[in-house]
Structures are given as C-alpha cells and as structure tokens.
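Below is query.txt, holding compact mmCIF, C-alpha atoms.
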# COMPACT_ATOMS: atom_id res chain seq x y z
CA MET A 1 6.20 1.83 12.49
CA ALA A 2 2.91 3.63 11.84
CA GLU A 3 -0.02 1.48 10.72
CA ARG A 4 -3.31 2.36 9.05
CA ILE A 5 -5.76 -0.49 9.57
CA GLY A 6 -8.54 -1.16 7.06
CA VAL A 7 -7.88 1.83 4.80
CA ILE A 8 -7.80 -0.47 1.76
CA THR A 9 -9.33 -3.83 0.95
CA MET A 10 -8.49 -6.79 -1.26
CA LYS A 11 -11.63 -8.55 -2.47
CA GLY A 12 -13.48 -6.85 0.38
CA ASN A 13 -11.07 -7.96 3.10
CA PRO A 14 -9.51 -5.09 5.10
CA LEU A 15 -5.74 -4.70 4.86
CA THR A 16 -3.24 -2.76 6.96
CA LEU A 17 -0.76 -0.32 5.46
CA THR A 18 2.54 0.33 7.22
CA GLY A 19 4.77 3.36 7.02
CA HIS A 20 4.38 7.10 7.01
CA GLU A 21 1.32 8.36 5.12
CA VAL A 22 2.33 10.85 2.43
CA LYS A 23 -0.26 13.59 1.91
CA VAL A 24 -0.93 16.42 -0.50
CA GLY A 25 1.31 19.35 0.42
CA ASP A 26 4.13 17.14 1.73
CA GLN A 27 7.59 17.27 0.25
CA ALA A 28 7.93 13.97 -1.64
CA PRO A 29 10.23 11.74 0.42
CA ASP A 30 13.31 10.46 -1.34
CA ALA A 31 13.63 6.73 -1.85
CA THR A 32 16.08 4.51 -3.70
CA LEU A 33 14.61 2.07 -6.21
CA VAL A 34 16.18 -0.39 -8.66
CA ALA A 35 15.96 0.06 -12.43
CA ASN A 36 15.62 -2.81 -14.93
CA ASP A 37 19.42 -2.85 -15.38
CA LEU A 38 19.92 -3.21 -11.58
CA SER A 39 21.21 0.36 -11.22
CA GLU A 40 19.96 2.34 -8.24
CA VAL A 41 17.63 5.24 -8.97
CA LYS A 42 16.81 7.94 -6.43
CA LEU A 43 13.41 9.59 -6.74
CA SER A 44 15.15 12.91 -6.05
CA SER A 45 16.96 12.52 -9.39
CA PHE A 46 13.66 13.43 -11.13
CA LYS A 47 13.38 16.80 -9.36
CA GLY A 48 12.66 19.54 -11.89
CA LYS A 49 10.14 17.32 -13.67
CA LYS A 50 6.51 16.62 -12.95
CA ILE A 51 6.06 12.98 -11.95
CA ILE A 52 3.22 10.49 -11.94
CA LEU A 53 4.23 7.84 -9.42
CA SER A 54 2.04 4.85 -10.26
CA VAL A 55 2.37 2.31 -7.44
CA VAL A 56 1.10 -1.23 -8.09
CA PRO A 57 1.16 -4.58 -6.25
CA SER A 58 2.57 -6.56 -9.24
CA LEU A 59 2.83 -6.09 -13.00
CA ASP A 60 1.95 -9.77 -13.34
CA THR A 61 -1.66 -9.12 -12.34
CA GLY A 62 -4.42 -7.97 -14.66
CA ILE A 63 -5.28 -4.60 -13.10
CA CYS A 64 -1.62 -3.54 -12.68
CA ASP A 65 -1.03 -4.54 -16.30
CA LEU A 66 -3.99 -2.39 -17.44
CA GLN A 67 -2.96 0.53 -15.24
CA THR A 68 0.62 0.62 -16.54
CA LYS A 69 -0.45 0.24 -20.18
CA ARG A 70 -2.97 3.07 -19.74
CA PHE A 71 -0.31 5.45 -18.38
CA ASN A 72 2.04 4.39 -21.18
CA LYS A 73 -0.71 5.37 -23.66
CA GLU A 74 -1.41 8.70 -21.92
CA ALA A 75 2.30 9.60 -21.82
CA SER A 76 2.30 11.00 -25.36
CA SER A 77 -0.24 13.68 -24.38
CA LEU A 78 1.66 14.58 -21.20
CA GLY A 79 4.84 16.09 -22.58
CA GLY A 80 7.57 16.53 -20.00
CA VAL A 81 5.93 14.32 -17.37
CA GLU A 82 7.92 11.37 -16.01
CA ILE A 83 5.72 8.34 -15.41
CA LEU A 84 7.23 5.89 -12.95
CA THR A 85 5.63 2.56 -12.10
CA VAL A 86 6.82 1.15 -8.78
CA SER A 87 6.24 -2.41 -7.58
CA LYS A 88 7.96 -5.09 -5.51
CA ASP A 89 8.47 -7.16 -8.69
CA LEU A 90 12.08 -8.07 -9.41
CA PRO A 91 13.76 -5.82 -12.01
CA PHE A 92 14.09 -8.84 -14.34
CA ALA A 93 10.33 -9.44 -14.24
CA GLN A 94 9.65 -5.74 -14.84
CA LYS A 95 11.98 -5.73 -17.86
CA ARG A 96 10.35 -8.86 -19.29
CA TRP A 97 6.88 -7.40 -18.75
CA CYS A 98 7.78 -4.10 -20.45
CA GLY A 99 9.19 -5.95 -23.45
CA ALA A 100 6.15 -8.20 -23.77
CA ALA A 101 3.72 -5.29 -23.30
CA GLY A 102 5.56 -2.88 -25.59
CA VAL A 103 5.75 -0.31 -22.80
CA THR A 104 8.43 2.29 -23.52
CA ALA A 105 7.10 5.60 -22.14
CA VAL A 106 6.78 4.43 -18.53
CA LYS A 107 9.83 3.63 -16.41
CA THR A 108 9.41 0.62 -14.15
CA LEU A 109 11.30 0.70 -10.86
CA SER A 110 11.54 -2.05 -8.27
CA ASP A 111 11.25 -1.72 -4.51
CA TYR A 112 12.28 -5.36 -3.96
CA ARG A 113 15.15 -4.42 -1.66
CA GLY A 114 14.20 -0.92 -0.58
CA ASN A 115 11.96 0.92 1.80
CA PHE A 116 9.80 2.89 -0.65
CA GLY A 117 6.65 1.13 0.60
CA GLU A 118 7.24 2.20 4.20
CA THR A 119 8.53 5.66 3.21
CA TYR A 120 5.31 6.35 1.27
CA GLY A 121 3.00 4.44 3.65
CA VAL A 122 1.83 1.97 0.98
CA LEU A 123 3.38 -1.31 2.16
CA ILE A 124 0.66 -3.92 2.74
CA LYS A 125 1.38 -5.61 6.07
CA GLY A 126 1.69 -9.37 5.85
CA LEU A 127 1.76 -9.47 2.03
CA ALA A 128 4.98 -7.48 1.44
CA LEU A 129 3.30 -5.91 -1.60
CA LEU A 130 2.60 -2.27 -2.36
CA ALA A 131 -0.92 -0.85 -2.37
CA ARG A 132 -2.38 0.59 -5.56
CA CYS A 133 -1.76 4.31 -5.25
CA ILE A 134 -1.00 7.26 -7.49
CA PHE A 135 1.10 10.22 -6.38
CA VAL A 136 1.58 13.32 -8.52
CA ILE A 137 4.70 15.28 -7.66
CA ASP A 138 5.44 18.74 -9.06
CA GLU A 139 8.74 20.08 -10.37
CA LYS A 140 9.71 21.32 -6.89
CA GLY A 141 9.24 17.89 -5.33
CA ASN A 142 5.90 18.66 -3.66
CA VAL A 143 3.11 16.08 -3.56
CA THR A 144 0.15 17.72 -5.32
CA TYR A 145 -2.21 14.74 -5.60
CA VAL A 146 -2.69 11.34 -3.93
CA GLN A 147 -5.15 8.64 -4.96
CA LEU A 148 -5.03 5.58 -2.71
CA VAL A 149 -7.30 3.06 -4.45
CA LYS A 150 -9.61 1.68 -1.75
CA GLU A 151 -10.12 -1.77 -3.35
CA VAL A 152 -6.76 -3.14 -4.53
CA THR A 153 -8.40 -5.21 -7.29
CA THR A 154 -9.88 -2.15 -9.06
CA GLU A 155 -8.32 0.42 -11.38
CA PRO A 156 -7.60 3.97 -10.31
CA ASN A 157 -9.61 6.93 -11.61
CA TYR A 158 -7.33 7.85 -14.52
CA GLU A 159 -9.25 11.02 -15.41
CA GLU A 160 -8.65 12.44 -11.92
CA VAL A 161 -4.93 11.68 -12.17
CA LEU A 162 -4.68 13.32 -15.59
CA LYS A 163 -6.57 16.39 -14.34
CA ALA A 164 -4.20 16.58 -11.37
CA VAL A 165 -1.15 16.42 -13.62
CA LYS A 166 -2.57 19.23 -15.75
CA GLY A 167 -3.39 21.25 -12.62
CA GLU A 168 -7.17 20.87 -12.95
CA ALA A 169 -7.90 18.76 -9.84
CA CYS A 170 -8.07 19.71 -6.19
CA GLY A 171 -5.53 17.06 -5.23
CA CYS A 172 -7.51 15.31 -2.53
CA GLY A 173 -8.02 12.13 -4.56
CA HIS A 174 -11.79 12.20 -4.30
CA GLN A 175 -14.16 12.61 -7.22
CA HIS A 176 -16.03 15.91 -7.34

Please render this file's structure as structure tokens.
Amino acid sequence: MAERIGVITMKGNPLTLTGHEVKVGDQAPDATLVANDLSEVKLSSFKGKKIILSVVPSLDTGICDLQTKRFNKEASSLGGVEILTVSKDLPFAQKRWCGAAGVTAVKTLSDYRGNFGETYGVLIKGLALLARCIFVIDEKGNVTYVQLVKEVTTEPNYEEVLKAVKGEACGCGHQH
C-alpha cells in the first residue's frame, strides 16, 4: 500500500496518508459507499453530473460541521452539481447530524466499511479517519480539481473549490 508521509498535519503533527493519490487529470476511481438508509451507493452512479466530493474526518467535529454546512449553503447557486460529503462516520450518525443541522442539499455517504479512503489516498494511517480533501469531478468522471487541506483542523479554501466547479480555477489546489 502506497504511503505519503507528512503531507498533512493535525495540530502541527505530521500524519501519513495511505492509498493511491488521486490527481487532477485522473479518471475518478469508483468506490462503494453507504447511504444514510444503509443502501450501497457507487460513485460511478453520479457520472453525467459534476460532483464536489467533500471528504471530512468526522461530521461530529467543528470544522467538518462548518465545511458541510457551507457546501449545503452554496448548493443553491450551483445548479446541477452533486455535493457528496464522505466520512468514516456511521450512516446513523450522518443521518442524525443532517437532521440536526438542517442539511438537505448535500448527500452524506459513509466509508465505514469500504475502501474509499485507500482508493482516493486520503486514509490517515493509524487513525482510520479520512483526511480533509475536496475533489471536483466533471460529468465525464475526470478529476478536475483536488484540494488536500494541509492542516486537518482548518477549513478548506471554499472560493477555490467554487471557482473550480465553475471552471475558473487551474485545478492544482493552490491559491494564485
């Protein structure tokens, strides 16, 4: 299993990511996740739509909560874009969180029994949590933007993600 050592930190401490790094220009790998009703959902089932794949460690933490609520708010201005939040939280916890937060425009999907983290190279070794990362995938299933958030306890750059979705960003994940 491929490892990337020290590419992200948590409170300044370097962490190791395991799995295959997905880059801009790659075909988005397929993965099977679990919906709130325990049904299996394949990422390939969203082909034909533009996707924001918002990957978070846990909805029960402050930054993940803010990130998911922000994308829920932005959804209304992004017609036709599927926003998927992926975490290792159990589907029951995701459903409870969505109800409590009033989140209806973002779909939460669980990787609690899958290999999404390794498939996308965002599984944090030793913690069994997913790194904070945003992938934008176009209608053809190509990865057009990746933003791996260096410090897990900080929010992503939402403006860059929104520009990428609208085709205004270079896709490298860096600010210009």

Can you tell me, as a PyMOL selection string, which residues sit within 12 Å of (-1.6, -8.9, -8.6) in the file's frame, using only C-alpha atoms? chain A and resi 10-11+55-67+87-89+127+129-132+152-155

Here is a test: counting all atoms listed in the file, which residue of A:Val41, A:Leu148, A:Val81, A:Ala35 is nearest to A:Lys95? A:Ala35

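Residues in contact with A:Lys23 at up to 8 Å, not including ones fewer than 5 positions away on its chain and judged by all atoms listed in the file, are A:Val143, A:Tyr145, A:Val146.
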
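Residues in contact with A:Gly79 at 12 Å, where all atoms listed in the file are counted and same-chain residues fewer than 3 positions away are skipped, are listed as Lys49, Lys50, Ile51, Glu74, Ala75, Ser76, Glu82, Ile83, Ala105, Val165 and Lys166 of chain A.
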
One decimal place gives the atom CA of A:Tyr158-atom CA of A:Ser77 separation as 13.5 Å

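The space separating atom CA of A:Phe135 from atom CA of A:Thr104 comes to 20.3 Å.
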
So that I can check the surroundings of A:Thr108, please list as an mmCIF file with C-alpha atoms, in the coordinates of the input every protein, DNA and RNA residue that reaches within 9 Å of it, counting only C-alpha atoms and ignoring chain neighbours fewer than 2 positions away.
data_model
loop_
_atom_site.group_PDB
_atom_site.id
_atom_site.type_symbol
_atom_site.label_atom_id
_atom_site.label_comp_id
_atom_site.auth_asym_id
_atom_site.auth_seq_id
_atom_site.Cartn_x
_atom_site.Cartn_y
_atom_site.Cartn_z
ATOM 1 C CA VAL A 34 16.180 -0.390 -8.660
ATOM 2 C CA ALA A 35 15.960 0.060 -12.430
ATOM 3 C CA ASN A 36 15.620 -2.810 -14.930
ATOM 4 C CA ILE A 83 5.720 8.340 -15.410
ATOM 5 C CA LEU A 84 7.230 5.890 -12.950
ATOM 6 C CA THR A 85 5.630 2.560 -12.100
ATOM 7 C CA VAL A 86 6.820 1.150 -8.780
ATOM 8 C CA SER A 87 6.240 -2.410 -7.580
ATOM 9 C CA PRO A 91 13.760 -5.820 -12.010
ATOM 10 C CA GLN A 94 9.650 -5.740 -14.840
ATOM 11 C CA LYS A 95 11.980 -5.730 -17.860
ATOM 12 C CA CYS A 98 7.780 -4.100 -20.450
ATOM 13 C CA VAL A 106 6.780 4.430 -18.530
ATOM 14 C CA SER A 110 11.540 -2.050 -8.270
#

How many Å separate atom CA of A:Gly99 from atom CA of A:Asn115? 26.3 Å

Could you list as a PDB file with C-alpha atoms, in the frame of the given file every residue that has an atom within 9 Å of (8.5, 4.4, 5.1), using the file's coordinates and counting only C-alpha atoms?
ATOM      1  CA  MET A   1       6.200   1.830  12.490  1.00  0.00           C
ATOM      2  CA  ALA A   2       2.910   3.630  11.840  1.00  0.00           C
ATOM      3  CA  THR A  18       2.540   0.330   7.220  1.00  0.00           C
ATOM      4  CA  GLY A  19       4.770   3.360   7.020  1.00  0.00           C
ATOM      5  CA  HIS A  20       4.380   7.100   7.010  1.00  0.00           C
ATOM      6  CA  GLU A  21       1.320   8.360   5.120  1.00  0.00           C
ATOM      7  CA  PRO A  29      10.230  11.740   0.420  1.00  0.00           C
ATOM      8  CA  ALA A  31      13.630   6.730  -1.850  1.00  0.00           C
ATOM      9  CA  ASN A 115      11.960   0.920   1.800  1.00  0.00           C
ATOM     10  CA  PHE A 116       9.800   2.890  -0.650  1.00  0.00           C
ATOM     11  CA  GLY A 117       6.650   1.130   0.600  1.00  0.00           C
ATOM     12  CA  GLU A 118       7.240   2.200   4.200  1.00  0.00           C
ATOM     13  CA  THR A 119       8.530   5.660   3.210  1.00  0.00           C
ATOM     14  CA  TYR A 120       5.310   6.350   1.270  1.00  0.00           C
ATOM     15  CA  GLY A 121       3.000   4.440   3.650  1.00  0.00           C
ATOM     16  CA  VAL A 122       1.830   1.970   0.980  1.00  0.00           C
ATOM     17  CA  LEU A 123       3.380  -1.310   2.160  1.00  0.00           C
TER      18      LEU A 123
END

With 3 Å added on each side, what axis-aligned box encloses every listed atom of stretch 80-99 of chain A? Give the centre and edge lengths in Å to one decimal, as AutoDock Vina command-line options.
--center_x 9.9 --center_y 3.5 --center_z -14.5 --size_x 14.5 --size_y 32.0 --size_z 23.9

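Residue nearest A:Leu53, chosen from A:Ala28, A:Ala100, A:Leu15, A:Ile124 and counting all atoms listed in the file: A:Ala28.
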
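Residues with any atom within 8 Å of A:Gly48, counting all atoms listed in the file and excluding same-chain neighbours fewer than 4 positions away, are Asp138, Glu139, Lys140 and Gly141 of chain A.
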
With all atoms listed in the file as the atoms that count, which of A:Leu33, A:Ile52, A:Val161, A:Val103 lies nearest to A:Ile137? A:Ile52

Between A:Val149, A:Leu43, A:Ala128, A:Val24, single out the one closest to A:Arg113, counting only C-alpha atoms. A:Ala128
